[in-house]
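entry.cif, holding mmCIF, C-alpha atoms:
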```
data_structure
loop_
_atom_site.label_atom_id
_atom_site.label_comp_id
_atom_site.auth_asym_id
_atom_site.auth_seq_id
_atom_site.Cartn_x
_atom_site.Cartn_y
_atom_site.Cartn_z
CA LEU A 1 -7.06 -25.35 -12.82
CA PHE A 2 -4.97 -27.24 -10.26
CA ILE A 3 -1.60 -28.69 -11.27
CA VAL A 4 0.96 -30.65 -9.28
CA LEU A 5 4.45 -31.04 -10.73
CA SER A 6 7.59 -32.81 -9.54
CA MET A 7 10.73 -30.72 -9.78
CA PRO A 8 13.87 -32.86 -9.70
CA VAL A 9 16.77 -31.60 -7.63
CA HIS A 10 20.19 -33.25 -7.45
CA ARG A 11 21.18 -33.05 -3.79
CA ASP A 12 23.95 -34.86 -1.92
CA GLY A 13 24.65 -37.23 -4.81
CA SER A 14 21.07 -38.34 -5.39
CA VAL A 15 17.85 -37.09 -6.91
CA VAL A 16 15.12 -35.55 -4.77
CA SER A 17 11.62 -34.70 -5.92
CA GLU A 18 10.30 -31.31 -4.85
CA GLN A 19 6.57 -30.78 -5.32
CA VAL A 20 5.29 -27.64 -7.03
CA SER A 21 1.54 -26.95 -6.83
CA ILE A 22 -0.29 -24.38 -8.94
CA PHE A 23 -3.83 -23.03 -8.67
CA ALA A 24 -4.78 -20.92 -11.68
CA GLY A 25 -7.91 -19.08 -12.70
CA PRO A 26 -8.80 -16.28 -15.13
CA ASP A 27 -7.28 -13.55 -12.97
CA TYR A 28 -5.12 -15.32 -10.39
CA LEU A 29 -2.26 -17.79 -10.05
CA ILE A 30 -1.10 -19.23 -6.75
CA CYS A 31 2.04 -21.32 -6.72
CA PHE A 32 3.87 -22.96 -3.85
CA SER A 33 6.51 -25.63 -3.44
CA THR A 34 8.00 -27.97 -0.87
CA THR A 35 11.53 -26.74 -1.49
CA SER A 36 13.49 -25.37 1.44
CA THR A 37 14.75 -22.52 -0.74
CA ASP A 38 12.84 -20.32 -3.17
CA PRO A 39 13.02 -21.96 -6.60
CA PHE A 40 11.14 -19.16 -8.40
CA GLU A 41 13.56 -16.27 -7.90
CA PRO A 42 14.75 -16.48 -11.56
CA LEU A 43 11.14 -16.03 -12.71
CA ARG A 44 10.65 -13.07 -10.39
CA LYS A 45 13.83 -11.49 -11.76
CA ARG A 46 12.34 -11.76 -15.24
CA MET A 47 9.21 -9.96 -13.98
CA ARG A 48 11.00 -7.03 -12.34
CA PRO A 49 11.59 -4.77 -15.34
CA PRO A 50 7.88 -4.03 -15.97
CA SER A 51 8.32 -2.36 -19.36
CA THR A 52 10.18 -5.30 -20.95
CA SER A 53 8.77 -8.28 -19.07
CA ARG A 54 6.64 -10.65 -21.11
CA LEU A 55 5.50 -12.19 -17.84
CA ARG A 56 3.86 -8.89 -16.89
CA SER A 57 2.47 -7.96 -20.29
CA HIS A 58 0.72 -11.28 -20.97
CA ASP A 59 -2.24 -12.93 -19.27
CA ILE A 60 -2.17 -15.52 -16.46
CA ASP A 61 -1.84 -18.38 -18.97
CA TYR A 62 1.62 -17.15 -19.97
CA LEU A 63 2.73 -17.05 -16.33
CA LEU A 64 1.35 -20.57 -15.92
CA TYR A 65 3.37 -21.68 -18.96
CA ALA A 66 6.51 -19.97 -17.58
CA ILE A 67 6.24 -21.79 -14.25
CA VAL A 68 5.56 -25.17 -15.88
CA ASP A 69 8.47 -24.62 -18.29
CA PHE A 70 10.73 -23.63 -15.40
CA VAL A 71 9.90 -26.83 -13.51
CA VAL A 72 10.28 -28.99 -16.64
CA ASP A 73 13.64 -27.42 -17.50
CA ALA A 74 14.93 -28.14 -13.97
CA ALA A 75 15.48 -31.71 -15.17
CA PHE A 76 18.23 -30.74 -17.64
CA PRO A 77 20.96 -29.97 -15.06
CA VAL A 78 19.97 -33.06 -13.05
CA LEU A 79 20.29 -35.26 -16.13
CA GLU A 80 23.62 -33.63 -16.95
CA GLU A 81 24.89 -34.74 -13.52
CA TYR A 82 23.83 -38.32 -14.28
CA GLY A 83 25.41 -38.16 -17.72
CA ASN A 84 28.71 -37.14 -16.14
CA GLU A 85 28.41 -39.88 -13.53
CA ILE A 86 27.75 -42.52 -16.20
CA GLU A 87 30.84 -41.37 -18.11
CA VAL A 88 32.98 -41.68 -14.97
CA LEU A 89 31.51 -45.12 -14.25
CA GLU A 90 32.33 -46.29 -17.80
CA GLU A 91 35.96 -45.22 -17.35
CA VAL A 92 36.19 -46.89 -13.93
CA LEU A 93 34.73 -50.13 -15.31
CA LEU A 94 37.32 -50.21 -18.10
CA VAL A 95 40.26 -49.55 -15.77
CA LYS A 96 39.32 -51.22 -12.48
CA PRO A 97 35.95 -53.00 -12.27
CA GLY A 98 34.76 -54.03 -8.83
CA ARG A 99 31.87 -54.35 -6.41
CA ASP A 100 31.93 -50.63 -5.67
CA SER A 101 31.35 -49.84 -9.35
CA LEU A 102 28.53 -52.34 -9.51
CA SER A 103 26.78 -50.79 -6.51
CA ARG A 104 27.20 -47.29 -8.04
CA ILE A 105 25.65 -48.55 -11.30
CA HIS A 106 22.67 -50.00 -9.42
CA ARG A 107 22.21 -46.72 -7.54
CA VAL A 108 22.29 -44.71 -10.80
CA ARG A 109 19.83 -47.09 -12.47
CA ARG A 110 17.47 -46.86 -9.48
CA GLU A 111 17.62 -43.06 -9.48
CA LEU A 112 17.10 -42.87 -13.25
CA LEU A 113 14.01 -45.02 -12.80
CA LEU A 114 12.80 -42.65 -10.07
CA LEU A 115 13.43 -39.72 -12.41
CA ARG A 116 11.44 -41.43 -15.15
CA ARG A 117 8.48 -41.92 -12.81
CA MET A 118 8.76 -38.28 -11.82
CA LEU A 119 9.11 -36.78 -15.31
CA TRP A 120 6.89 -38.96 -17.50
CA PRO A 121 3.60 -37.53 -16.12
CA GLN A 122 4.80 -34.00 -16.82
CA ARG A 123 4.98 -34.76 -20.51
CA GLU A 124 1.35 -35.89 -20.39
CA LEU A 125 0.36 -32.81 -18.41
CA VAL A 126 1.89 -30.39 -20.93
CA SER A 127 0.33 -32.38 -23.76
CA ARG A 128 -3.10 -32.05 -22.14
CA LEU A 129 -2.62 -28.33 -21.51
CA GLN A 130 -2.10 -27.75 -25.21
CA ARG A 131 -4.57 -30.37 -26.46
CA ASP A 132 -7.61 -29.92 -24.21
CA GLU A 133 -9.82 -26.94 -24.79
CA MET A 134 -9.49 -24.73 -21.73
CA ASP A 135 -10.81 -21.22 -21.43
CA LEU A 136 -7.81 -20.32 -19.29
CA ILE A 137 -5.21 -20.94 -22.01
CA SER A 138 -5.29 -18.62 -25.00
CA GLU A 139 -4.23 -19.41 -28.55
CA SER A 140 -1.27 -17.01 -28.22
CA THR A 141 0.24 -19.19 -25.45
CA MET A 142 -0.02 -22.44 -27.43
CA PRO A 143 3.34 -22.06 -29.27
CA PHE A 144 5.06 -21.67 -25.90
CA LEU A 145 3.37 -24.79 -24.57
CA ARG A 146 4.47 -26.68 -27.69
CA ASP A 147 8.03 -25.60 -26.98
CA CYS A 148 7.64 -26.80 -23.38
CA TYR A 149 6.32 -30.13 -24.68
CA ASP A 150 9.39 -30.42 -26.92
CA HIS A 151 11.55 -29.96 -23.82
CA CYS A 152 9.61 -32.77 -22.11
CA VAL A 153 10.26 -35.06 -25.07
CA GLN A 154 13.98 -34.18 -25.10
CA ILE A 155 14.23 -34.88 -21.38
CA ILE A 156 12.50 -38.27 -21.67
CA ASP A 157 14.71 -39.21 -24.66
CA LEU A 158 17.85 -38.24 -22.75
CA LEU A 159 16.65 -40.11 -19.69
CA GLU A 160 15.93 -43.26 -21.71
CA SER A 161 19.36 -43.01 -23.33
CA PHE A 162 21.02 -42.81 -19.91
CA ARG A 163 18.94 -45.75 -18.66
CA GLU A 164 20.07 -47.85 -21.64
CA MET A 165 23.70 -46.85 -21.05
CA SER A 166 23.52 -47.74 -17.38
CA SER A 167 21.90 -51.09 -18.19
CA SER A 168 24.51 -52.06 -20.72
#
```

I need this file expressed as structure tokens, please.
Amino acid sequence: LFIVLSMPVHRDGSVVSEQVSIFAGPDYLICFSTTSTDPFEPLRKRMRPPSTSRLRSHDIDYLLYAIVDFVVDAAFPVLEEYGNEIEVLEEVLLVKPGRDSLSRIHRVRRELLLLRRMLWPQRELVSRLQRDEMDLISESTMPFLRDCYDHCVQIIDLLESFREMSSS
């Protein structure tokens, strides 16, 4: 199985897409990213206590789920930043509207559109992982993938809500 995901990162006031690539087979998983820093340290921390780590006690499919879920969940803090920015823009528009506010709104709308293009395919990917019959993914991992899919849906809903707010 080969998967490519886009991990959104909010950097210097705008969104950046970092690519995460995963090769997975019955007894291996290779993952790498284009990020300048190591994005997977939180997952490795979860793996360190061997006796209590689910990541160590389950098969490769659970590790695959954990990485996909980690990348999907990276969108929540990014969207929170945009939510805060939209709130500030609403206040500015009520108090002192101007060209600067208009250009900030256009920038936010453009970046939300970029985020949508980045995140929409991930929802389809997670859906296919749980829907298609793959020998790599066991039945015991399916509930976790469903939870990941729910996160994808929440992210897309939040994104669409922010897009509507920025348009109006």

Ref. answer, residues at most 9 Å from (5.7, -35.3, -17.4) with only C-alpha atoms, as number ranges by chain
A: 5-6, 72, 116-127, 149, 152-153, 156

Mind giving me the axis-aligned box for stretch 96-115 of chain A with 3 Å on every side, centre plus edges in Å to one decimal, as AutoDock Vina command-line options?
```
--center_x 26.1 --center_y -47.0 --center_z -9.5 --size_x 32.5 --size_y 20.6 --size_z 13.6
```

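Residue nearest A:Ala75 within the list A:Gln154, A:Ser168, A:Pro8, A:Tyr62: A:Pro8 [criterion: smallest interatomic distance, only C-alpha atoms].
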
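With distances taken over only C-alpha atoms, A:His10 is the one residue among A:His10, A:Glu160, A:Arg131, A:Leu145 lying closest to A:Pro77.
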
In Å, rounded to a single decimal, give me how far atom CA of A:Lys96 is from atom CA of A:Arg163.
22.0 Å

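Considering all atoms listed in the file, the residue among A:His151, A:Arg109, A:Arg146, A:Arg46 positioned nearest to A:Ser14 is A:Arg109.
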
A:Val88, A:Cys31, A:Ala66, A:Leu114: which is nearest A:Val16, counting all atoms listed in the file?
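Looking only at the distances to A:Val16, the closest residue turns out to be A:Leu114.
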
What is the atom CA of A:Val108-atom CA of A:Phe76 distance in Å, reported with one decimal?
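Answer for the atom CA of A:Val108 to atom CA of A:Phe76 separation: 16.1 Å.
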
For atom CA of A:Pro97 and atom CA of A:Leu158, the interatomic separation in Å (one decimal)
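Result for atom CA of A:Pro97 versus atom CA of A:Leu158: 25.6 Å, one decimal.
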
Taking into account all atoms listed in the file, which residue in the set A:Leu129, A:Gly98, A:Cys148, A:Ala74 is nearest to A:Pro42?
A:Ala74

Of the candidates A:Val15, A:Leu93, A:Val71, A:Leu29, which shows the shortest atom-to-atom distance to A:Arg110, using only C-alpha atoms?
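Going through A:Val15, A:Leu93, A:Val71, A:Leu29 one by one, the smallest distance to A:Arg110 is for A:Val15.
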
Please write as a list in words the full residue list that the PyMOL selection byres ((chain A and resi 20) around 6) yields on this file.
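That selection, the PyMOL selection byres ((chain A and resi 20) around 6), comes back as Val4, Leu5, Gln19, Ser21, Phe32 and Ser33 of chain A.
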
Using the chain letters and numbers from the file, give me the residues hit by the PyMOL selection byres ((chain A and resi 140) around 12), as a PDB file with C-alpha atoms, in the frame of the given file.
```pdb
ATOM      1  CA  HIS A  58       0.720 -11.280 -20.970  1.00  0.00           C
ATOM      2  CA  ASP A  59      -2.240 -12.930 -19.270  1.00  0.00           C
ATOM      3  CA  ILE A  60      -2.170 -15.520 -16.460  1.00  0.00           C
ATOM      4  CA  ASP A  61      -1.840 -18.380 -18.970  1.00  0.00           C
ATOM      5  CA  TYR A  62       1.620 -17.150 -19.970  1.00  0.00           C
ATOM      6  CA  TYR A  65       3.370 -21.680 -18.960  1.00  0.00           C
ATOM      7  CA  GLN A 130      -2.100 -27.750 -25.210  1.00  0.00           C
ATOM      8  CA  LEU A 136      -7.810 -20.320 -19.290  1.00  0.00           C
ATOM      9  CA  ILE A 137      -5.210 -20.940 -22.010  1.00  0.00           C
ATOM     10  CA  SER A 138      -5.290 -18.620 -25.000  1.00  0.00           C
ATOM     11  CA  GLU A 139      -4.230 -19.410 -28.550  1.00  0.00           C
ATOM     12  CA  THR A 141       0.240 -19.190 -25.450  1.00  0.00           C
ATOM     13  CA  MET A 142      -0.020 -22.440 -27.430  1.00  0.00           C
ATOM     14  CA  PRO A 143       3.340 -22.060 -29.270  1.00  0.00           C
ATOM     15  CA  PHE A 144       5.060 -21.670 -25.900  1.00  0.00           C
ATOM     16  CA  LEU A 145       3.370 -24.790 -24.570  1.00  0.00           C
ATOM     17  CA  ARG A 146       4.470 -26.680 -27.690  1.00  0.00           C
TER      18      ARG A 146
END
```

N, CA, C and O atoms modelled onto stretch 120-132 of chain A, as a PDB file, in the coordinates of the input:
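The resulting out32.pdb:
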```pdb
ATOM      1  N   TRP A 120       7.816 -38.487 -16.474  1.00  0.00           N
ATOM      2  CA  TRP A 120       6.890 -38.960 -17.500  1.00  0.00           C
ATOM      3  C   TRP A 120       5.518 -38.284 -17.406  1.00  0.00           C
ATOM      4  O   TRP A 120       4.974 -37.841 -18.426  1.00  0.00           O
ATOM      5  N   PRO A 121       4.921 -38.184 -16.215  1.00  0.00           N
ATOM      6  CA  PRO A 121       3.600 -37.530 -16.120  1.00  0.00           C
ATOM      7  C   PRO A 121       3.600 -36.069 -16.550  1.00  0.00           C
ATOM      8  O   PRO A 121       2.593 -35.552 -17.012  1.00  0.00           O
ATOM      9  N   GLN A 122       4.732 -35.404 -16.414  1.00  0.00           N
ATOM     10  CA  GLN A 122       4.800 -34.000 -16.820  1.00  0.00           C
ATOM     11  C   GLN A 122       4.632 -33.849 -18.324  1.00  0.00           C
ATOM     12  O   GLN A 122       4.036 -32.880 -18.788  1.00  0.00           O
ATOM     13  N   ARG A 123       5.157 -34.796 -19.056  1.00  0.00           N
ATOM     14  CA  ARG A 123       4.980 -34.760 -20.510  1.00  0.00           C
ATOM     15  C   ARG A 123       3.505 -34.854 -20.850  1.00  0.00           C
ATOM     16  O   ARG A 123       2.996 -34.116 -21.693  1.00  0.00           O
ATOM     17  N   GLU A 124       2.792 -35.742 -20.163  1.00  0.00           N
ATOM     18  CA  GLU A 124       1.350 -35.890 -20.390  1.00  0.00           C
ATOM     19  C   GLU A 124       0.596 -34.629 -19.979  1.00  0.00           C
ATOM     20  O   GLU A 124      -0.347 -34.223 -20.652  1.00  0.00           O
ATOM     21  N   LEU A 125       1.012 -34.026 -18.881  1.00  0.00           N
ATOM     22  CA  LEU A 125       0.360 -32.810 -18.410  1.00  0.00           C
ATOM     23  C   LEU A 125       0.482 -31.694 -19.449  1.00  0.00           C
ATOM     24  O   LEU A 125      -0.505 -31.051 -19.802  1.00  0.00           O
ATOM     25  N   VAL A 126       1.679 -31.462 -19.946  1.00  0.00           N
ATOM     26  CA  VAL A 126       1.890 -30.390 -20.930  1.00  0.00           C
ATOM     27  C   VAL A 126       1.128 -30.715 -22.209  1.00  0.00           C
ATOM     28  O   VAL A 126       0.533 -29.828 -22.821  1.00  0.00           O
ATOM     29  N   SER A 127       1.098 -31.978 -22.582  1.00  0.00           N
ATOM     30  CA  SER A 127       0.330 -32.380 -23.760  1.00  0.00           C
ATOM     31  C   SER A 127      -1.149 -32.051 -23.574  1.00  0.00           C
ATOM     32  O   SER A 127      -1.797 -31.521 -24.481  1.00  0.00           O
ATOM     33  N   ARG A 128      -1.676 -32.340 -22.409  1.00  0.00           N
ATOM     34  CA  ARG A 128      -3.100 -32.050 -22.140  1.00  0.00           C
ATOM     35  C   ARG A 128      -3.371 -30.550 -22.098  1.00  0.00           C
ATOM     36  O   ARG A 128      -4.422 -30.090 -22.531  1.00  0.00           O
ATOM     37  N   LEU A 129      -2.427 -29.783 -21.561  1.00  0.00           N
ATOM     38  CA  LEU A 129      -2.620 -28.330 -21.510  1.00  0.00           C
ATOM     39  C   LEU A 129      -2.761 -27.745 -22.911  1.00  0.00           C
ATOM     40  O   LEU A 129      -3.527 -26.816 -23.131  1.00  0.00           O
ATOM     41  N   GLN A 130      -2.016 -28.295 -23.859  1.00  0.00           N
ATOM     42  CA  GLN A 130      -2.100 -27.750 -25.210  1.00  0.00           C
ATOM     43  C   GLN A 130      -3.167 -28.433 -26.057  1.00  0.00           C
ATOM     44  O   GLN A 130      -3.637 -27.872 -27.024  1.00  0.00           O
ATOM     45  N   ARG A 131      -3.601 -29.605 -25.671  1.00  0.00           N
ATOM     46  CA  ARG A 131      -4.570 -30.370 -26.460  1.00  0.00           C
ATOM     47  C   ARG A 131      -6.010 -30.111 -26.024  1.00  0.00           C
ATOM     48  O   ARG A 131      -6.892 -29.931 -26.857  1.00  0.00           O
ATOM     49  N   ASP A 132      -6.248 -30.106 -24.716  1.00  0.00           N
ATOM     50  CA  ASP A 132      -7.610 -29.920 -24.210  1.00  0.00           C
ATOM     51  C   ASP A 132      -8.041 -28.469 -24.360  1.00  0.00           C
ATOM     52  O   ASP A 132      -7.246 -27.557 -24.180  1.00  0.00           O
TER      53      ASP A 132
END
```
